[in-house]
4 protein chains.
Amino acid sequence: MVQVAVLGASGYLGGEILRLLSFHPEFELTVIVSKSQPGRPVRELFPNLVPDAGLSTVGALGDEPVDLAFLAQPAGEAMKEVPKLLERGIKVVDLGPDYRHPSAETYRAVYGRTHEDPAHLAEAVYGLTEWYSDRIRSARLVANPGCYPTAALLGLAPLLKAGEITGPVIIDAKSGTSGAGQGTSPTTHHPEAALTVHPYGTPSHRHLPEMERILGEVGGRAPAIVFVPHLVPVVRGILCTMYPTPAPGADPAAWPRILEEAYAGSPFVHVGGTPRLAWAQGTNHCYLSVQSAGGAPVIFSVIDNLGKGGAAQAIQNANLMTGRPGDLGLRFAGFGV
Amino acid sequence: MVQVAVLGASGYLGGEILRLLSFHPEFELTVIVSKSQPGRPVRELFPNLVPDAGLSTVGALGDEPVDLAFLAQPAGEAMKEVPKLLERGIKVVDLGPDYRHPSAETYRAVYGRTHEDPAHLAEAVYGLTEWYSDRIRSARLVANPGCYPTAALLGLAPLLKAGEITGPVIIDAKSGTSGAGQGTSPTTHHPEAALTVHPYGTPSHRHLPEMERILGEVGGRAPAIVFVPHLVPVVRGILCTMYPTPAPGADPAAWPRILEEAYAGSPFVHVGGTPRLAWAQGTNHCYLSVQSAGGAPVIFSVIDNLGKGGAAQAIQNANLMTGRPGDLGLRFAGFGV
Amino acid sequence: MVQVAVLGASGYLGGEILRLLSFHPEFELTVIVSKSQPGRPVRELFPNLVPDAGLSTVGALGDEPVDLAFLAQPAGEAMKEVPKLLERGIKVVDLGPDYRHPSAETYRAVYGRTHEDPAHLAEAVYGLTEWYSDRIRSARLVANPGCYPTAALLGLAPLLKAGEITGPVIIDAKSGTSGAGQGTSPTTHHPEAALTVHPYGTPSHRHLPEMERILGEVGGRAPAIVFVPHLVPVVRGILCTMYPTPAPGADPAAWPRILEEAYAGSPFVHVGGTPRLAWAQGTNHCYLSVQSAGGAPVIFSVIDNLGKGGAAQAIQNANLMTGRPGDLGLRFAGFGV
Amino acid sequence: MVQVAVLGASGYLGGEILRLLSFHPEFELTVIVSKSQPGRPVRELFPNLVPDAGLSTVGALGDEPVDLAFLAQPAGEAMKEVPKLLERGIKVVDLGPDYRHPSAETYRAVYGRTHEDPAHLAEAVYGLTEWYSDRIRSARLVANPGCYPTAALLGLAPLLKAGEITGPVIIDAKSGTSGAGQGTSPTTHHPEAALTVHPYGTPSHRHLPEMERILGEVGGRAPAIVFVPHLVPVVRGILCTMYPTPAPGADPAAWPRILEEAYAGSPFVHVGGTPRLAWAQGTNHCYLSVQSAGGAPVIFSVIDNLGKGGAAQAIQNANLMTGRPGDLGLRFAGFGV
């Protein structure tokens with residue numbers, strides 16, 4: 001058994017990690033840390049977490065024996081914790097953005113604050129599991145991708161690597177409102193959110209540099225990306241509708257096969273059909289599809305923003321980091337309805 | 001391993017059984033029967049059912065080795081299958097209504113057709129697990145309760161048995177639209193359903209006699225019930241708001257304790273708080289609460305109509321019928337959001 | 001033309017008054033007061049209010065010529081304004097609760113604060129238009145009813161007056177989330193609100209004493225009421241499902257006729273069918289229905305909480321107070337979908 | 001008063017015309033024709049249509065005095081009616097697709113059937129009011145645009161005409177489910193539709209040739225269009241997120257001003273902010289916005305698919321055809337929530 005801690009447990013991503021751990025046969029939840037809600041029984045914070053009902057949060061990690069920690073904190077918190085955790089020999093999966101960029105300058109440019117732990121930036125492995133599994137297996141520190149980058153990159157990376165697409169790539173993303181987090185706001189106030197499709201994130205969303213960086217790494221050169229996220233009145237799930245520019249000589253009819261081959265070894269990425277958000281909800285699955293509209297190829301990618309786009313991929317990464325098969329505790333089906 | 005068959009697999013309840021079997025460590029899915037959709041790969045019917053993606057439906061059960069069958073067919077179908085299944089030594093959990101009433105006369109009165117297998121009516125055990133577990137353990141044939149009766153009975157039965165309530169009991173039920181099944185109708189057409197709360201089932205819903213019968217069995221005497229179901233614009237989940245008449249000398253302040261004691265042995269029934277449908281979605285959990293309004297006691301009960309109100313309770317029953325702990329493969333947490 | 005002012009314009013009820021005034025042929029919007037948002041163009045606060053796009057809010061009413069003021073402020077604000085307005089000869093429709101109870105003691109008991117204008121409490125007329133139209137016509141000050149009381153009273157009052165019902169009356173109410181107002185809260189955060197039906201208001205909702213008072217006035221004696229409101233994931237609309245106790249000798253088969261006769265003179269109250277929230281959205285209409293469940297009579301009442309339950313009824317009352325037909329500017333149809 | 005008839009009254013567009021006529025001061029509803037539902041009181045078909053409650057449908061138009069007819073029938077029906085109506089001197093606004101293309105060949109290619117009234121194709125005026133008002137004023141026959149073309153063209157046409165954009169133009173459209181019409185289908189079954197964003201219409205949606213034709217007419221040359229519509233879980237409203245290719249030398253910073261100038265004379269088209277579907281619901285308004293994403297210009301356009309995208313624009317056209325101001329009976333505000 002792996003002893004795991006969850007830091008930042010009171011938000012949606014923290015709650016989702018706790019929930020997914022209830023399916024996991026070899027991760028034992030040892031400590032639940034919530035700075036903002038210390039000393040609270042889990043049953044009060046998350047009445048849905050019945051299997052963990054006997055546990056309570058603590059305000060800070062003590063000297064409990066912990067093998068691996070999931071960090072589900074706001075931007076800027078993880079960089080305060082990671083040095084201490086690594087020093088204690090605790091492996092870390094960080095679900096926040098602090099370690100997604102190898103450069104402290106980029107971090108400051110994107111997140112508007114100085115990075116306090118630049119020493120570990122280079123060591124952090126980007127946790128897009130299907131693309132970095134070898135490095136993840138030996139990593140001490142994994143930076144879990146953002147939800148939009150996960151959805152977009154899984155669909156684009158194989159085609160970019162195969163030289164089939166170039167920029168500009170237009171990514172018209174639709175996300176459920178849980179992606180906005182637990183904090184209330186006018187935008188996610190039900191009377192406002194339930195009746196509209198809300199574009200936001202212009203002129204530049206924080207996930208854009210992350211996508212550009214990884215696509216550059218995968219394809220040798222980052223294509224120009226036009227990224228417009230929208231909130232839609234569902235709770236969980238992201239659909240990215242993606243309009244890439246085919247490279248000269250590209251053969252879009254071959255794209256489904258390219259995607260299938262890229263993910264032939266993964267139990268989580270599926271190609272074909274018209275994907276539905278419900279299939280992915282609560283799971284680590286990603287559904288991809290290539291279709292043609294007006295003669296141009298369109299790529300659809302569906303995940304659960306809290307699942308493959310967050311907590312489930314974090315567990316997939318933790319599986320690899322602890323020498324386990326990536327799908328341990330994650331190989332279950334999503335809702336049909 | 002128990003070899004299981006699912007008959008009537010193409011509807012929502014059938015799909016949910018298949019989905020929940022993907023979590024189960026000891027039930028092996030052997031045959032999937034769909035009269036209406038024979039010879040179809042599971043991945044076409046239910047793209048969410050990734051773990052079963054290699055299977056296909058058949059039009060009828062052959063001579064496959066099967067230990068237990070789940071029947072998720074429309075009313076009137078199970079009674080054609082059950083005699084053959086029992087003769088082959090196959091245990092049956094029927095999710096439809098054919099065996100919920102011990103009398104063929106009642107069946108005709110409620111469902112408007114003649115029962116074709118009256119011989120097995122008396123043998124069938126009503127599958128409200130927390131109340132009939134002893135009989136379920138030794139049953140060959142279990143009649144899984146309806147979704148509304150499951151929600152209502154779990155909240156009312158302990159109080160009726162304790163002599164705390166009498167009739168009339170008003171049950172104002174709110175159900176997600178998946179309870180209406182897979183068949184399209186104007187009532188569940190999205191433009192109609194999304195904007196309203198739709199009362200239906202007056203003057204008498206088919207689940208009413210079922211509730212009356214079990215309450216009579218539990219409490220010695222069936223209280224009068226006024227039952228008004230409503231469709232609400234969510235997909236999964238039932239909330240029953242119940243207004244019982246306190247018996248003379250009743251002490252509503254003690255009701256939470258009475259409920260807790262009644263379900264002290266069950267990992268699935270919880271008491272307290274203000275229950276949310278999301279907690280129950282996809283699970284076998286039931287959330288009960290007793291509150292006071294205008295001086296009168298009100299009981300809230302929340303389940304997933306497809307979960308504890310259908311497929312999950314069917315698996316709980318199958319666990320008991322095959323000598324396993326009731327919570328095997330079911331002890332996971334529901335969504336928080 | 002009547003010169004009207006709206007005070008407290010920045011909330012949902014204020015916005016709805018402004019919207020409905022865009023249909024009104026004889027009310028001219030002269031001043032829009034918003035303490036919290038002074039000096040803001042209407043087009044910024046309410047981009048939907050195209051016809052008023054040239055106007056801006058002011059922080060306080062000046063010496064503009066005003067005949068009638070709509071007050072859509074939080075509890076406790078109207079009682080500071082009303083004495084000044086009445087002194088200036090300005091008629092007032094208050095959409096808040098400050099003048100709904102004739103006694104300052106009741107106000108303190110229900111709203112937890114001391115009333116600062118007890119002198120005008122006795123003069124205020126309760127603005128349930130169909131029941132108090134004569135008094136409203138000559139009133140200087142009308143206290144517009146709460147949304148739940150409007151829905152419940154329109155269905156119950158005629159039957160209570162006719163001696164057909166007695167207590168207890170169970171009112172299971174379902175409200176759209178706009179009824180919770182513009183302020184954000186965890187309960188109305190979309191990821192929480194969209195997936196559940198949320199009972200609240202126990203043990204005692206502030207609208208309960210209001211319903212009791214008016215039913216007592218109409219029927220000679222207030223019946224006991226058990227009132228449980230629920231938030232449902234729609235934005236606009238209230239459905240009250242009401243379970244009254246029939247009086248000895250009552251004839252529920254006659255109730256539809258009694259309701260029809262009570263509202264024969266009103267173009268806004270309709271009897272029959274199974275009412276849908278969408279029919280009422282944005283309008284002053286109320287849809288009533290009497291059905292039978294398990295042998296007991298059930299009354300359904302549907303309104304828009306912001307319409308007949310708020311801004312539209314306020315305009316209906318203002319019509320009468322200024323010598324106009326009640327339906328002026330309000331006689332249009334609601335959405336079908 | 002203009003005597004108007006509505007043919008095809010039982011669908012959503014027909015119902016919306018009837019509803020909007022309840023606001024209109026100079027159009028008198030004389031005949032309501034429904035082939036499929038003849039002899040039905042309006043109050044049964046559309047309980048929301050209170051002002052028309054005394055009317056009933058007829059199965060076919062008789063010799064009633066009619067000045068103008070709205071046709072809201074399925075494709076292929078209008079071309080049977082139009083010759084007879086024109087011969088009687090009745091002006092026609094056709095909300096279906098039969099007269100949107102001047103060529104019978106195009107009609108056959110797009111709609112898969114032979115046109116039965118080619119003689120009137122050339123005469124029909126395309127009813128995108130803001131662009132063809134002069135021709136509409138003198139037209140006997142107006143072909144009302146499709147909902148998607150209305151939203152897209154209002155945003156694109158001024159920029160194409162100004163030489164600011166070229167192809168390809170990517171149109172990622174999100175539509176409420178009422179756009180799919182009144183007929184039930186698995187795609188619009190609430191349990192399926194409520195949880196997903198459903199892309200459809202690939203490889204080629206029927207509205208694509210319509211957009212290409214008009215853009216070609218406006219701009220001299222039709223740009224290539226990639227059009228991917230999606231159903232989103234709202235009932236009314238379309239958001240088009242549009243990614244045009246700026247022409248060489250284009251100045252996207254000037255686009256808002258170009259749009260404002262193009263619609264300076266229209267009370268219905270507004271530029272700026274981040275448009276919400278609720279603002280447009282039930283109205284003839286269109287909300288446009290230009291924003292920048294990743295350095296590229298993005299155009300947002302919001303309408304109600306049943307309003308400006310259907311019934312309201314039909315009334316706007318009828319106003320012009322009968323010598324009235326275009327906004328007569330339409331100048332009211334939409335919902336804020």
# chains A, B, ... in the order shown; residues from 1 in each chain; ligands from 1
$ interface_residues --of "chain A" --to "chain B" --cutoff "9 Å" --atoms "only C-alpha atoms" --output "ChimeraX atom specification"
/A:12,15-16,18-23,44,46-52,178,235-236,267-268,270,273,275-276,278-280,282,285,331-337
$ select_by_dssp --residues "region 150-188 of chain A" --states "strand (DSSP E)" --output "list in words"
Ile165, Thr166, Gly167, Pro168, Val169, Ile170, Ile171, Asp172, Ala173, Lys174 and Ser175 of chain A
$ select_by_dssp --residues "region 256-287 of chain C" --states "alpha helix (DSSP H)" --output "list in words"
Pro256, Arg257, Ile258, Leu259, Glu260, Glu261, Ala262, Leu277, Ala278, Trp279 and Ala280 of chain C
$ atom_distance --atom1 "CA of Ile170 (chain D)" --atom2 "CA of Val228 (chain D)"
8.1 Å
$ atom_distance --atom1 "CA of Leu71 (chain B)" --atom2 "CA of Asn317 (chain B)"
12.9 Å
$ residues_around --residues "Leu259 (chain A)" --least-positions-apart "5" --cutoff "12 Å" --atoms "only C-alpha atoms" --output "ChimeraX atom specification"
/A:130,153-162,164,252-254,264-266,269-272,286-290,299-301
$ closest_residue --among "B:Glu87, B:Asp98, B:Asp172, B:Asp67" --to "Pro229 (chain B)" --atoms "only C-alpha atoms"
B:Asp172
$ residues_around --residues "Val31 (chain B)" --least-positions-apart "2" --cutoff "7 Å" --atoms "only C-alpha atoms" --output "JSON, numbers by chain"
{"B": [4, 5, 6, 29, 33]}
$ residues_around --residues "His198 (chain B)" --least-positions-apart "2" --cutoff "6 Å" --atoms "only C-alpha atoms" --output "ChimeraX atom specification"
/B:196,230-231
$ residues_around --residues "region 187-189 of chain B" --least-positions-apart "4" --cutoff "6 Å" --atoms "only C-alpha atoms" --output "PyMOL selection string"
(chain B and resi 193) or (chain D and resi 184+188-190)
$ write_last_selection --atoms "N, CA, C and O atoms" --output "PDB file, in the first residue's frame"
ATOM      1  N   ALA B 193     -38.779  19.764 -21.372  1.00  0.00           N
ATOM      2  CA  ALA B 193     -38.406  19.276 -20.041  1.00  0.00           C
ATOM      3  C   ALA B 193     -37.478  20.214 -19.296  1.00  0.00           C
ATOM      4  O   ALA B 193     -37.490  20.280 -18.069  1.00  0.00           O
TER       5      ALA B 193
ATOM      6  N   THR D 184     -39.714  14.822 -31.458  1.00  0.00           N
ATOM      7  CA  THR D 184     -38.815  14.183 -30.506  1.00  0.00           C
ATOM      8  C   THR D 184     -37.752  13.378 -31.250  1.00  0.00           C
ATOM      9  O   THR D 184     -37.955  12.941 -32.375  1.00  0.00           O
ATOM     10  N   THR D 188     -32.433  14.954 -28.780  1.00  0.00           N
ATOM     11  CA  THR D 188     -33.049  15.968 -27.928  1.00  0.00           C
ATOM     12  C   THR D 188     -33.813  15.360 -26.760  1.00  0.00           C
ATOM     13  O   THR D 188     -34.566  16.059 -26.078  1.00  0.00           O
ATOM     14  N   HIS D 189     -33.627  14.070 -26.528  1.00  0.00           N
ATOM     15  CA  HIS D 189     -34.206  13.428 -25.342  1.00  0.00           C
ATOM     16  C   HIS D 189     -33.474  14.015 -24.124  1.00  0.00           C
ATOM     17  O   HIS D 189     -32.246  14.032 -24.083  1.00  0.00           O
ATOM     18  N   HIS D 190     -34.213  14.504 -23.172  1.00  0.00           N
ATOM     19  CA  HIS D 190     -33.589  15.261 -22.079  1.00  0.00           C
ATOM     20  C   HIS D 190     -32.410  14.554 -21.418  1.00  0.00           C
ATOM     21  O   HIS D 190     -31.353  15.174 -21.197  1.00  0.00           O
TER      22      HIS D 190
END
$ residues_around --residues "Tyr99 (chain A)" --least-positions-apart "3" --cutoff "9 Å" --atoms "only C-alpha atoms" --output "PyMOL selection string"
chain A and resi 78-79+94+96+102-103+107+118+120-122+124-126+141-144
$ write_last_selection --atoms "N, CA, C and O atoms" --output "PDB file, in the first residue's frame"
ATOM      1  N   ALA A  78       1.609  25.567  -4.053  1.00  0.00           N
ATOM      2  CA  ALA A  78       2.434  24.367  -4.173  1.00  0.00           C
ATOM      3  C   ALA A  78       3.921  24.691  -4.050  1.00  0.00           C
ATOM      4  O   ALA A  78       4.687  23.933  -3.446  1.00  0.00           O
ATOM      5  N   MET A  79       4.341  25.802  -4.604  1.00  0.00           N
ATOM      6  CA  MET A  79       5.782  26.104  -4.582  1.00  0.00           C
ATOM      7  C   MET A  79       6.305  26.336  -3.168  1.00  0.00           C
ATOM      8  O   MET A  79       7.499  26.284  -2.926  1.00  0.00           O
ATOM      9  N   ASP A  94       1.430  17.629  -8.493  1.00  0.00           N
ATOM     10  CA  ASP A  94       0.856  18.950  -8.268  1.00  0.00           C
ATOM     11  C   ASP A  94      -0.210  19.218  -9.321  1.00  0.00           C
ATOM     12  O   ASP A  94       0.086  19.276 -10.522  1.00  0.00           O
ATOM     13  N   GLY A  96      -1.910  21.968  -9.554  1.00  0.00           N
ATOM     14  CA  GLY A  96      -1.926  23.392  -9.873  1.00  0.00           C
ATOM     15  C   GLY A  96      -0.889  23.735 -10.930  1.00  0.00           C
ATOM     16  O   GLY A  96      -0.208  22.856 -11.468  1.00  0.00           O
ATOM     17  N   PRO A 102       8.986  25.275 -17.309  1.00  0.00           N
ATOM     18  CA  PRO A 102      10.341  25.087 -16.779  1.00  0.00           C
ATOM     19  C   PRO A 102      11.044  26.391 -16.437  1.00  0.00           C
ATOM     20  O   PRO A 102      12.087  26.368 -15.782  1.00  0.00           O
ATOM     21  N   SER A 103      10.478  27.493 -16.834  1.00  0.00           N
ATOM     22  CA  SER A 103      11.172  28.755 -16.626  1.00  0.00           C
ATOM     23  C   SER A 103      10.402  29.643 -15.655  1.00  0.00           C
ATOM     24  O   SER A 103       9.182  29.832 -15.766  1.00  0.00           O
ATOM     25  N   TYR A 107       6.662  31.650 -15.834  1.00  0.00           N
ATOM     26  CA  TYR A 107       5.691  31.607 -14.745  1.00  0.00           C
ATOM     27  C   TYR A 107       5.262  33.012 -14.345  1.00  0.00           C
ATOM     28  O   TYR A 107       4.069  33.293 -14.199  1.00  0.00           O
ATOM     29  N   PRO A 118      12.344  28.102  -7.806  1.00  0.00           N
ATOM     30  CA  PRO A 118      12.832  27.881  -9.171  1.00  0.00           C
ATOM     31  C   PRO A 118      13.744  26.657  -9.268  1.00  0.00           C
ATOM     32  O   PRO A 118      13.884  26.080 -10.353  1.00  0.00           O
ATOM     33  N   HIS A 120      13.375  23.647  -8.468  1.00  0.00           N
ATOM     34  CA  HIS A 120      12.768  22.376  -8.872  1.00  0.00           C
ATOM     35  C   HIS A 120      12.019  22.448 -10.192  1.00  0.00           C
ATOM     36  O   HIS A 120      11.396  21.469 -10.604  1.00  0.00           O
ATOM     37  N   LEU A 121      12.042  23.609 -10.834  1.00  0.00           N
ATOM     38  CA  LEU A 121      11.256  23.747 -12.073  1.00  0.00           C
ATOM     39  C   LEU A 121      11.754  22.790 -13.158  1.00  0.00           C
ATOM     40  O   LEU A 121      10.961  22.146 -13.857  1.00  0.00           O
ATOM     41  N   ALA A 122      13.062  22.698 -13.288  1.00  0.00           N
ATOM     42  CA  ALA A 122      13.601  21.885 -14.380  1.00  0.00           C
ATOM     43  C   ALA A 122      13.341  20.400 -14.157  1.00  0.00           C
ATOM     44  O   ALA A 122      13.194  19.629 -15.112  1.00  0.00           O
ATOM     45  N   ALA A 124      10.682  19.079 -12.705  1.00  0.00           N
ATOM     46  CA  ALA A 124       9.272  18.693 -12.803  1.00  0.00           C
ATOM     47  C   ALA A 124       8.957  18.119 -14.185  1.00  0.00           C
ATOM     48  O   ALA A 124       9.372  18.671 -15.206  1.00  0.00           O
ATOM     49  N   VAL A 125       8.228  17.020 -14.186  1.00  0.00           N
ATOM     50  CA  VAL A 125       7.810  16.380 -15.438  1.00  0.00           C
ATOM     51  C   VAL A 125       6.360  16.738 -15.717  1.00  0.00           C
ATOM     52  O   VAL A 125       5.517  16.683 -14.817  1.00  0.00           O
ATOM     53  N   TYR A 126       6.087  17.123 -16.958  1.00  0.00           N
ATOM     54  CA  TYR A 126       4.713  17.475 -17.338  1.00  0.00           C
ATOM     55  C   TYR A 126       3.875  16.201 -17.413  1.00  0.00           C
ATOM     56  O   TYR A 126       4.214  15.250 -18.131  1.00  0.00           O
ATOM     57  N   LEU A 141       8.576  14.633  -9.003  1.00  0.00           N
ATOM     58  CA  LEU A 141       7.650  15.767  -9.039  1.00  0.00           C
ATOM     59  C   LEU A 141       6.976  15.826 -10.412  1.00  0.00           C
ATOM     60  O   LEU A 141       7.667  15.993 -11.424  1.00  0.00           O
ATOM     61  N   VAL A 142       5.681  15.678 -10.426  1.00  0.00           N
ATOM     62  CA  VAL A 142       4.930  15.751 -11.679  1.00  0.00           C
ATOM     63  C   VAL A 142       3.994  16.945 -11.635  1.00  0.00           C
ATOM     64  O   VAL A 142       3.275  17.147 -10.651  1.00  0.00           O
ATOM     65  N   ALA A 143       4.035  17.733 -12.712  1.00  0.00           N
ATOM     66  CA  ALA A 143       3.129  18.871 -12.844  1.00  0.00           C
ATOM     67  C   ALA A 143       1.951  18.426 -13.700  1.00  0.00           C
ATOM     68  O   ALA A 143       2.086  18.272 -14.922  1.00  0.00           O
ATOM     69  N   ASN A 144       0.833  18.208 -13.052  1.00  0.00           N
ATOM     70  CA  ASN A 144      -0.361  17.753 -13.769  1.00  0.00           C
ATOM     71  C   ASN A 144      -0.845  18.851 -14.720  1.00  0.00           C
ATOM     72  O   ASN A 144      -0.890  20.014 -14.342  1.00  0.00           O
TER      73      ASN A 144
END
$ atom_distance --atom1 "CA of Thr241 (chain D)" --atom2 "CA of Val298 (chain D)"
6.9 Å
